[in-house]
file upload-v8.csv (CSV, C-alpha atoms)
chain,number,residue,atom,x,y,z
A,18,MET,CA,0.0,0.0,0.0
A,19,ILE,CA,1.4,3.4,-1.0
A,20,ASP,CA,0.9,6.0,1.7
A,21,LYS,CA,0.9,9.7,1.0
A,22,LYS,CA,4.0,11.5,2.1
A,23,PHE,CA,4.3,12.9,5.6
A,24,LYS,CA,4.7,16.5,4.5
A,25,ILE,CA,5.1,19.6,6.8
A,26,ALA,CA,5.5,23.1,5.2
A,27,ASN,CA,6.3,21.5,1.8
A,28,LYS,CA,9.0,19.2,3.2
A,29,ASN,CA,8.7,15.5,3.1
A,30,PHE,CA,9.7,13.3,6.1
A,31,LYS,CA,10.0,9.6,6.1
A,32,SER,CA,9.2,8.9,9.7
A,33,ARG,CA,5.9,10.0,11.2
A,34,LEU,CA,7.4,9.9,14.7
A,35,ILE,CA,8.9,13.1,16.1
A,36,VAL,CA,10.9,12.8,19.2
A,37,GLY,CA,12.0,15.3,21.9
A,38,THR,CA,15.6,15.5,23.1
A,39,GLY,CA,14.9,16.5,26.7
A,40,LYS,CA,15.1,14.5,30.0
A,41,TYR,CA,17.7,11.9,28.8
A,42,LYS,CA,20.5,10.9,31.1
A,43,ASN,CA,23.0,12.3,28.7
A,44,PHE,CA,23.4,13.3,25.0
A,45,ARG,CA,24.8,9.8,24.1
A,46,GLU,CA,21.6,8.1,25.3
A,47,CYS,CA,19.5,10.8,23.6
A,48,ALA,CA,21.4,10.2,20.3
A,49,SER,CA,21.0,6.4,20.6
A,50,ALA,CA,17.2,6.7,21.3
A,51,ILE,CA,16.8,9.0,18.3
A,52,LYS,CA,18.5,6.5,16.1
A,53,ALA,CA,16.4,3.7,17.4
A,54,SER,CA,13.2,5.7,16.9
A,55,GLY,CA,14.0,6.4,13.2
A,56,ALA,CA,12.8,9.9,13.7
A,57,ASN,CA,13.8,12.6,11.1
A,58,ILE,CA,12.7,15.5,13.3
A,59,VAL,CA,13.7,16.2,16.9
A,60,THR,CA,12.5,19.1,19.1
A,61,VAL,CA,15.1,21.2,20.8
A,62,ALA,CA,15.0,24.0,23.3
A,63,VAL,CA,16.8,27.4,23.2
A,64,ARG,CA,18.7,28.3,26.4
A,65,ARG,CA,21.6,30.3,27.6
A,66,VAL,CA,25.1,28.9,27.0
A,67,ASN,CA,26.8,28.0,30.2
A,68,ILE,CA,29.6,30.6,30.2
A,69,SER,CA,31.4,29.2,33.3
A,70,ASP,CA,31.8,25.7,32.0
A,71,LYS,CA,33.4,26.1,28.6
A,72,ASN,CA,33.9,22.4,28.0
A,73,LYS,CA,30.3,21.4,28.6
A,74,ALA,CA,29.0,19.0,25.9
A,75,ARG,CA,26.6,20.5,23.3
A,76,LEU,CA,23.6,18.8,21.8
A,77,MET,CA,24.8,19.7,18.3
A,78,ASP,CA,28.0,17.7,18.8
A,79,TYR,CA,25.8,14.5,19.3
A,80,ILE,CA,22.9,15.1,16.9
A,81,ASP,CA,23.9,16.4,13.5
A,82,PRO,CA,21.4,19.1,12.4
A,83,LYS,CA,22.4,18.3,8.8
A,84,LYS,CA,21.1,14.8,9.2
A,85,ILE,CA,18.2,15.3,11.6
A,86,THR,CA,15.8,18.3,11.3
A,87,TYR,CA,15.9,20.4,14.4
A,88,LEU,CA,12.6,21.7,15.5
A,89,PRO,CA,13.2,24.6,17.9
A,90,ASN,CA,10.5,24.9,20.5
A,91,THR,CA,9.4,27.7,22.9
A,92,ALA,CA,9.1,25.5,26.0
A,93,GLY,CA,9.0,27.6,29.1
A,94,CYS,CA,7.4,30.7,27.4
A,95,PHE,CA,4.2,32.1,28.8
A,96,LYS,CA,3.9,35.2,26.6
A,97,ALA,CA,3.7,35.7,22.9
A,98,GLU,CA,6.7,38.1,23.0
A,99,ASP,CA,8.9,35.5,24.8
A,100,ALA,CA,8.0,32.9,22.3
A,101,ILE,CA,8.8,35.2,19.4
A,102,ARG,CA,12.0,36.3,20.9
A,103,THR,CA,13.1,32.7,21.4
A,104,LEU,CA,12.2,31.6,17.9
A,105,ARG,CA,14.0,34.6,16.4
A,106,LEU,CA,17.1,33.5,18.2
A,107,ALA,CA,16.6,29.9,17.1
A,108,ARG,CA,16.4,31.1,13.5
A,109,GLU,CA,19.6,33.0,14.0
A,110,ILE,CA,21.5,29.9,15.2
A,111,GLY,CA,21.0,28.1,12.0
A,112,GLY,CA,18.3,29.5,9.8
A,113,TRP,CA,15.5,27.4,11.0
A,114,LYS,CA,12.0,28.5,9.9
A,115,LEU,CA,10.1,25.4,10.9
A,116,VAL,CA,9.4,25.8,14.6
A,117,LYS,CA,7.3,24.4,17.4
A,118,LEU,CA,5.2,27.0,19.2
A,119,GLU,CA,4.4,26.2,22.8
A,120,VAL,CA,3.0,29.0,24.9
A,121,LEU,CA,2.0,27.8,28.3
A,122,GLY,CA,-0.6,29.2,30.7
A,123,ASP,CA,-0.2,27.2,33.9
A,124,LYS,CA,3.0,25.9,35.5
A,125,LYS,CA,1.2,23.0,37.1
A,126,ASN,CA,-0.8,21.4,34.3
A,127,LEU,CA,1.3,22.9,31.5
A,128,PHE,CA,-1.8,23.5,29.4
A,129,PRO,CA,-1.3,25.9,26.5
A,130,GLU,CA,-2.4,29.5,26.8
A,131,MET,CA,-4.5,29.5,23.7
A,132,ILE,CA,-5.1,33.3,23.4
A,133,GLU,CA,-1.3,33.9,23.5
A,134,THR,CA,-0.8,30.9,21.3
A,135,LEU,CA,-3.1,32.2,18.6
A,136,ARG,CA,-1.6,35.7,18.7
A,137,SER,CA,1.9,34.2,18.5
A,138,THR,CA,0.9,32.0,15.5
A,139,GLU,CA,-0.3,35.1,13.6
A,140,LEU,CA,2.8,37.1,14.4
A,141,LEU,CA,5.3,34.3,13.6
A,142,THR,CA,3.5,33.4,10.4
A,143,LYS,CA,3.7,37.0,9.3
A,144,GLU,CA,7.5,36.9,9.9
A,145,GLY,CA,7.8,33.9,7.6
A,146,PHE,CA,8.0,31.2,10.2
A,147,LYS,CA,6.4,27.8,9.5
A,148,VAL,CA,4.6,27.3,12.8
A,149,MET,CA,3.7,23.9,14.2
A,150,VAL,CA,1.4,24.7,17.1
A,151,TYR,CA,1.1,22.9,20.4
A,152,CYS,CA,-2.5,23.4,21.4
A,153,ASN,CA,-5.4,22.0,23.4
A,154,ASP,CA,-7.7,19.5,21.9
A,155,ASP,CA,-10.4,22.1,21.1
A,156,PRO,CA,-11.6,21.8,17.5
A,157,LEU,CA,-12.7,25.4,17.4
A,158,MET,CA,-9.3,26.7,18.5
A,159,ALA,CA,-7.7,24.3,16.1
A,160,LYS,CA,-9.7,25.9,13.3
A,161,ARG,CA,-8.6,29.4,14.4
A,162,LEU,CA,-5.0,28.3,14.4
A,163,GLU,CA,-5.4,26.9,10.9
A,164,ASN,CA,-6.9,30.2,9.7
A,165,ALA,CA,-4.0,32.1,11.3
A,166,GLY,CA,-1.6,30.2,9.1
A,167,ALA,CA,-0.3,27.3,11.3
A,168,ALA,CA,1.8,24.7,9.4
A,169,ALA,CA,0.7,21.9,11.7
A,170,ILE,CA,-1.8,21.4,14.5
A,171,MET,CA,-0.4,19.6,17.5
A,172,PRO,CA,-3.1,19.0,20.1
A,173,LEU,CA,-2.1,17.4,23.4
A,174,ALA,CA,-3.2,13.9,24.2
A,175,ALA,CA,-2.9,14.7,27.9
A,176,PRO,CA,-0.7,17.1,30.0
A,177,ILE,CA,3.0,17.3,29.0
A,178,GLY,CA,5.0,14.5,30.5
A,179,SER,CA,1.9,12.9,32.2
A,180,GLY,CA,1.9,9.7,30.2
A,181,LEU,CA,-1.9,9.5,30.5
A,182,GLY,CA,-2.5,8.7,26.8
A,183,ILE,CA,-5.2,10.1,24.7
A,184,LEU,CA,-7.9,11.5,27.0
A,185,ASN,CA,-10.3,12.8,24.4
A,186,LYS,CA,-10.4,10.6,21.3
A,187,VAL,CA,-13.6,12.2,20.1
A,188,ASN,CA,-12.1,15.7,19.9
A,189,ILE,CA,-9.0,14.4,18.1
A,190,LYS,CA,-11.2,12.7,15.6
A,191,ILE,CA,-13.3,15.9,15.1
A,192,ILE,CA,-10.1,17.9,14.5
A,193,ARG,CA,-8.9,15.2,12.1
A,194,ASN,CA,-12.1,15.4,10.1
A,195,GLN,CA,-12.0,19.2,9.8
A,196,THR,CA,-8.5,19.8,8.8
A,197,LYS,CA,-6.1,18.8,6.0
A,198,LEU,CA,-3.1,20.3,7.8
A,199,PRO,CA,-0.7,17.8,9.4
A,200,LEU,CA,-2.2,16.7,12.7
A,201,ILE,CA,0.3,15.6,15.2
A,202,ILE,CA,-0.4,14.4,18.7
A,203,ASP,CA,2.0,16.3,21.0
A,204,ALA,CA,2.3,15.5,24.7
A,205,GLY,CA,0.8,13.0,27.0
A,206,ILE,CA,1.8,9.8,25.3
A,207,GLY,CA,2.8,7.1,27.9
A,208,LYS,CA,3.3,3.9,26.0
A,209,SER,CA,3.5,2.7,22.4
A,210,SER,CA,-0.1,1.7,22.2
A,211,ASP,CA,-1.0,5.3,22.8
A,212,ALA,CA,1.0,6.2,19.7
A,213,THR,CA,-0.7,3.5,17.7
A,214,LEU,CA,-4.1,4.8,18.8
A,215,ALA,CA,-3.2,8.4,17.8
A,216,MET,CA,-2.3,7.1,14.3
A,217,GLU,CA,-5.5,4.9,14.1
A,218,LEU,CA,-7.5,8.1,14.8
A,219,GLY,CA,-6.1,9.4,11.6
A,220,CYS,CA,-3.3,11.7,13.0
A,221,ASP,CA,-0.4,12.3,10.6
A,222,GLY,CA,2.2,11.9,13.3
A,223,VAL,CA,3.1,11.7,16.9
A,224,LEU,CA,5.6,13.6,19.0
A,225,VAL,CA,7.0,11.8,22.0
A,226,ASN,CA,9.6,12.8,24.5
A,227,THR,CA,9.1,11.8,28.2
A,228,ALA,CA,7.6,8.3,27.4
A,229,ILE,CA,10.9,7.5,25.7
A,230,ALA,CA,13.4,9.4,27.7
A,231,LYS,CA,12.0,8.3,31.1
A,232,ALA,CA,11.3,4.7,30.2
A,233,LYS,CA,13.5,2.2,32.0
A,234,ASN,CA,15.1,1.4,28.7
A,235,PRO,CA,14.7,4.5,26.4
A,236,ILE,CA,16.4,2.8,23.5
A,237,THR,CA,13.9,-0.1,23.2
A,238,MET,CA,11.0,2.2,24.0
A,239,ALA,CA,12.1,4.4,21.1
A,240,GLU,CA,12.1,1.3,18.9
A,241,ALA,CA,8.6,0.4,20.2
A,242,MET,CA,7.3,3.9,19.4
A,243,LYS,CA,8.7,3.6,15.9
A,244,HIS,CA,6.8,0.4,15.2
A,245,ALA,CA,3.7,1.6,17.0
A,246,VAL,CA,3.5,4.6,14.7
A,247,ILE,CA,4.0,2.5,11.6
A,248,SER,CA,1.5,0.0,12.9
A,249,GLY,CA,-1.1,2.6,13.7
A,250,ARG,CA,-0.7,4.3,10.4
A,251,LYS,CA,-1.1,1.0,8.4
A,252,SER,CA,-4.1,0.0,10.6
A,253,PHE,CA,-5.8,3.4,9.8
A,254,LEU,CA,-5.1,3.1,6.1
A,255,SER,CA,-6.3,-0.5,5.9
A,256,GLY,CA,-9.8,0.4,7.0
A,257,ARG,CA,-10.9,-1.5,10.1
A,258,ILE,CA,-13.8,-3.9,10.2
A,259,VAL,CA,-17.2,-2.6,11.5
A,260,PRO,CA,-17.4,-3.4,15.2
A,261,ASN,CA,-20.1,-5.9,16.1
A,262,ILE,CA,-21.4,-6.8,19.6
A,263,LEU,CA,-22.2,-10.3,18.5
A,264,GLY,CA,-19.7,-13.0,17.5
A,265,GLU,CA,-19.1,-14.1,13.9
A,266,PRO,CA,-17.2,-17.3,13.4
A,267,SER,CA,-13.9,-17.1,11.5
A,268,SER,CA,-14.2,-20.8,10.4
A,269,PRO,CA,-17.0,-21.7,7.9
A,270,SER,CA,-19.9,-23.8,9.2
A,271,ASP,CA,-20.1,-25.6,5.8
A,272,GLY,CA,-18.7,-29.1,5.8
A,273,LEU,CA,-18.8,-29.3,9.6
A,274,ILE,CA,-18.6,-33.0,10.7
B,1392,MET,CA,52.0,53.4,31.9
B,1393,LYS,CA,48.4,54.1,31.0
B,1394,VAL,CA,45.9,51.9,32.9
B,1395,LYS,CA,43.3,50.4,30.7
B,1396,ASN,CA,39.7,51.3,31.6
B,1397,LYS,CA,37.5,48.4,32.5
B,1398,ILE,CA,33.7,48.3,32.0
B,1399,LYS,CA,31.1,46.0,33.5
B,1400,ILE,CA,28.7,44.1,31.3
B,1401,MET,CA,26.2,41.4,31.8
B,1402,VAL,CA,26.6,38.1,29.9
B,1403,ASN,CA,23.8,35.5,30.4
B,1404,GLY,CA,22.8,37.1,33.6
B,1405,LYS,CA,26.3,37.2,35.0
B,1406,GLN,CA,28.3,40.3,35.5
B,1407,ILE,CA,31.8,40.3,34.0
B,1408,GLN,CA,34.4,42.9,33.4
B,1409,VAL,CA,36.1,43.6,30.2
B,1410,ILE,CA,38.5,46.2,29.0
B,1411,SER,CA,37.0,49.1,27.2
B,1412,LYS,CA,37.1,48.9,23.4
B,1413,PHE,CA,36.4,45.2,23.7
B,1414,SER,CA,34.5,43.8,20.7
B,1415,LEU,CA,31.7,41.3,20.8
B,1416,LYS,CA,33.9,39.0,18.8
B,1417,SER,CA,36.6,39.2,21.4
B,1418,LEU,CA,34.1,38.2,24.0
B,1419,ILE,CA,32.9,35.2,22.1
B,1420,THR,CA,36.5,34.1,21.5
B,1421,LYS,CA,37.4,34.7,25.2
B,1422,LEU,CA,34.5,32.5,26.2
B,1423,LYS,CA,35.5,29.8,23.7
B,1424,ILE,CA,32.1,29.5,22.2
B,1425,PRO,CA,31.7,28.1,18.7
B,1426,LEU,CA,30.0,30.8,16.7
B,1427,ASN,CA,28.1,28.5,14.3
B,1428,LYS,CA,26.1,27.0,17.2
B,1429,ILE,CA,24.9,30.1,18.9
B,1430,ALA,CA,22.8,33.2,18.6
B,1431,ILE,CA,23.6,36.5,20.2
B,1432,GLU,CA,21.4,39.2,21.6
B,1433,LEU,CA,22.8,42.6,22.6
B,1434,ASN,CA,20.4,44.7,24.7
B,1435,LYS,CA,17.5,42.6,23.4
B,1436,LYS,CA,18.4,43.0,19.8
B,1437,ILE,CA,19.6,40.0,17.7
B,1438,ILE,CA,23.1,40.6,16.3
B,1439,ASP,CA,24.2,39.5,12.9
B,1440,LYS,CA,27.1,37.2,13.6
B,1441,LYS,CA,29.0,38.5,10.6
B,1442,ARG,CA,29.2,41.9,12.3
B,1443,ILE,CA,30.4,41.0,15.7
B,1444,SER,CA,34.0,42.2,15.1
B,1445,LYS,CA,32.7,45.7,14.5
B,1446,ILE,CA,30.6,45.9,17.6
B,1447,TYR,CA,32.3,47.3,20.7
B,1448,LEU,CA,30.9,46.7,24.1
B,1449,GLN,CA,29.6,49.5,26.2
B,1450,LYS,CA,29.3,49.9,29.9
B,1451,GLY,CA,26.1,48.2,31.2
B,1452,ASP,CA,25.5,46.2,28.0
B,1453,LYS,CA,23.3,43.1,28.4
B,1454,ILE,CA,24.3,40.2,26.3
B,1455,GLU,CA,22.5,36.9,25.8
B,1456,ILE,CA,24.3,34.0,24.2
B,1457,VAL,CA,22.0,31.0,23.5
B,1458,HIS,CA,22.3,27.6,21.9
B,1459,PHE,CA,20.2,24.5,21.5
B,1460,ILE,CA,19.7,22.0,24.4
B,1461,GLY,CA,17.6,19.0,24.8
B,1462,GLY,CA,13.9,19.8,24.9
B,1463,GLY,CA,10.5,18.4,24.1
call {"tool": "encode", "arguments": {"input": "upload-v8.csv", "output": "structure tokens"}}
result
Amino acid sequence: MIDKKFKIANKNFKSRLIVGTGKYKNFRECASAIKASGANIVTVAVRRVNISDKNKARLMDYIDPKKITYLPNTAGCFKAEDAIRTLRLAREIGGWKLVKLEVLGDKKNLFPEMIETLRSTELLTKEGFKVMVYCNDDPLMAKRLENAGAAAIMPLAAPIGSGLGILNKVNIKIIRNQTKLPLIIDAGIGKSSDATLAMELGCDGVLVNTAIAKAKNPITMAEAMKHAVISGRKSFLSGRIVPNILGEPSSPSDGLI
Amino acid sequence: MKVKNKIKIMVNGKQIQVISKFSLKSLITKLKIPLNKIAIELNKKIIDKKRISKIYLQKGDKIEIVHFIGGG
């Protein structure tokens, strides 16, 4: 079966799994997990260089931005202005235009501040950024983001890092049915079957960080996520059977002795 | 002998002293930071990295030097 390409802002990607680079024990482990996941895109954060420790290892020494697409995020930003400042700096580091916008509204549940998120999407799009937007699972807000020029809609499955899985399948399905934009589940995935479910709902991709980085074995979990996404996608494309509350034998009754 | 004047600047939230007529390029070199992996902001304005040898630091300048780290 030939699948359509996973395309974001006119660029094709082979893997539908995007992985985060945070929370790993070290960069070596992070790089191994990325390799095992088969991801072509990784999210990264923009932070101050440690000027007192000049020999500190750098992410870019372990993950080659020429081979893997860096997707700078705005994690930790609570205002549109902070997010825009962060992404302008990210663009300056290496010319990245494809970015992940994440404007938070609450330090405890890490839910997105959707008013600031919408405003940031408008401003960043006007500046030429291709904005992949972390958002809540509200179909109306998703529509507004699309109208504001978002390059991808990235609703949460559950709070960031919670590992609760997809809490509102219906909303995700509604968003799927209303948009042709890439729909990527971002945040809340806990195990590989959550990623499969996201793909079975018709999402174009899944973004996973904590579920891999904090697994007892991040490398094998990265591999599990890779297969889960492929499996879910194939399952979605194959067209599932109509569910039936009654049983239907798989073996023919004809010729029964 | 003439004593060189020193000025105080803030780099990534830390106060440091440099001699006057110290360029932004000299600062990056002194801190041993690879230029192709960073972005620089001077008083909240992003600086074109090609121009840093022509920018001289002034007393009270606030500089932010950022790079990519792991994130989700």
call {"tool": "residues_around", "arguments": {"input": "upload-v8.csv", "residues": "B:Gly1463", "least_positions_apart": "6", "cutoff": "9 Å", "atoms": "all atoms listed in the file", "output": "number ranges by chain"}}
result
A: 36-40, 59-62, 90, 92, 204, 224-227
call {"tool": "interface_residues", "arguments": {"input": "upload-v8.csv", "of": "chain B", "to": "chain A", "cutoff": "8 Å", "atoms": "only C-alpha atoms", "output": "list in words"}}
result
Asn1403, Leu1422, Lys1423, Ile1424, Asn1427, Lys1428, Ile1429, Ala1430, Ile1431, Glu1432, Ile1437, Glu1455, Ile1456, Val1457, His1458, Phe1459, Ile1460, Gly1461, Gly1462 and Gly1463 of chain B
call {"tool": "write_last_selection", "arguments": {"input": "upload-v8.csv", "atoms": "C-alpha atoms", "output": "PDB file, in the frame of the given file"}}
result
ATOM      1  CA  ASN B1403      23.800  35.500  30.400  1.00  0.00           C
ATOM      2  CA  LEU B1422      34.500  32.500  26.200  1.00  0.00           C
ATOM      3  CA  LYS B1423      35.500  29.800  23.700  1.00  0.00           C
ATOM      4  CA  ILE B1424      32.100  29.500  22.200  1.00  0.00           C
ATOM      5  CA  ASN B1427      28.100  28.500  14.300  1.00  0.00           C
ATOM      6  CA  LYS B1428      26.100  27.000  17.200  1.00  0.00           C
ATOM      7  CA  ILE B1429      24.900  30.100  18.900  1.00  0.00           C
ATOM      8  CA  ALA B1430      22.800  33.200  18.600  1.00  0.00           C
ATOM      9  CA  ILE B1431      23.600  36.500  20.200  1.00  0.00           C
ATOM     10  CA  GLU B1432      21.400  39.200  21.600  1.00  0.00           C
ATOM     11  CA  ILE B1437      19.600  40.000  17.700  1.00  0.00           C
ATOM     12  CA  GLU B1455      22.500  36.900  25.800  1.00  0.00           C
ATOM     13  CA  ILE B1456      24.300  34.000  24.200  1.00  0.00           C
ATOM     14  CA  VAL B1457      22.000  31.000  23.500  1.00  0.00           C
ATOM     15  CA  HIS B1458      22.300  27.600  21.900  1.00  0.00           C
ATOM     16  CA  PHE B1459      20.200  24.500  21.500  1.00  0.00           C
ATOM     17  CA  ILE B1460      19.700  22.000  24.400  1.00  0.00           C
ATOM     18  CA  GLY B1461      17.600  19.000  24.800  1.00  0.00           C
ATOM     19  CA  GLY B1462      13.900  19.800  24.900  1.00  0.00           C
ATOM     20  CA  GLY B1463      10.500  18.400  24.100  1.00  0.00           C
TER      21      GLY B1463
END
call {"tool": "atom_distance", "arguments": {"input": "upload-v8.csv", "atom1": "atom CA of A:Leu200", "atom2": "atom CA of A:Thr86"}}
result
18.1 Å
call {"tool": "closest_residue", "arguments": {"input": "upload-v8.csv", "among": "A:Met18, A:Ala174, A:Val259, A:Met238", "to": "A:Ser49", "atoms": "all atoms listed in the file"}}
result
A:Met238
call {"tool": "residues_around", "arguments": {"input": "upload-v8.csv", "residues": "B:Lys1421", "least_positions_apart": "5", "cutoff": "12 Å", "atoms": "only C-alpha atoms", "output": "list of chain:residue names"}}
result
A:Ile68, A:Ser69, A:Lys71, B:Ile1407, B:Gln1408, B:Val1409, B:Phe1413, B:Ser1414, B:Leu1415, B:Lys1416, B:Leu1426
call {"tool": "atom_distance", "arguments": {"input": "upload-v8.csv", "atom1": "atom CA of A:Leu254", "atom2": "atom CA of A:Asp20"}}
result
8.0 Å
call {"tool": "closest_residue", "arguments": {"input": "upload-v8.csv", "among": "B:Lys1435, B:Lys1450, B:Lys1440, B:Lys1405", "to": "B:Ile1419", "atoms": "all atoms listed in the file"}}
result
B:Lys1440
call {"tool": "atom_distance", "arguments": {"input": "upload-v8.csv", "atom1": "atom CA of A:Lys197", "atom2": "atom CA of A:Leu127"}}
result
26.9 Å
call {"tool": "residues_around", "arguments": {"input": "upload-v8.csv", "residues": "A:Gly145", "least_positions_apart": "2", "cutoff": "12 Å", "atoms": "all atoms listed in the file", "output": "list in words"}}
result
Ala26, Ile101, Leu104, Arg105, Arg108, Gly112, Trp113, Lys114, Leu115, Val116, Thr138, Glu139, Leu140, Leu141, Thr142, Lys143, Lys147, Val148, Gly166, Ala167 and Ala168 of chain A
call {"tool": "closest_residue", "arguments": {"input": "upload-v8.csv", "among": "A:Pro156, A:Gly207, A:Pro269, A:Pro172", "to": "A:Phe128", "atoms": "all atoms listed in the file"}}
result
A:Pro172
call {"tool": "closest_residue", "arguments": {"input": "upload-v8.csv", "among": "A:Phe30, A:Phe146, A:Phe253, A:Phe23", "to": "A:Glu217", "atoms": "all atoms listed in the file"}}
result
A:Phe253
call {"tool": "residues_around", "arguments": {"input": "upload-v8.csv", "residues": "B:Ile1454", "least_positions_apart": "3", "cutoff": "6 Å", "atoms": "all atoms listed in the file", "output": "MDAnalysis selection string"}}
result
chainID B and resid 1401:1402 1432:1433
call {"tool": "residues_near_point", "arguments": {"input": "upload-v8.csv", "point": "(-0.7, 2.2, 20.8)", "cutoff": "9 Å", "atoms": "all atoms listed in the file", "output": "number ranges by chain"}}
result
A: 208-217, 242, 245-246, 248-249
call {"tool": "axis_aligned_box", "arguments": {"input": "upload-v8.csv", "around": "stretch 1441-1449 of chain B", "padding_each_side": "8 Å", "output": "AutoDock Vina command-line options"}}
result
--center_x 31.5 --center_y 44.0 --center_z 18.4 --size_x 21.0 --size_y 27.0 --size_z 31.6
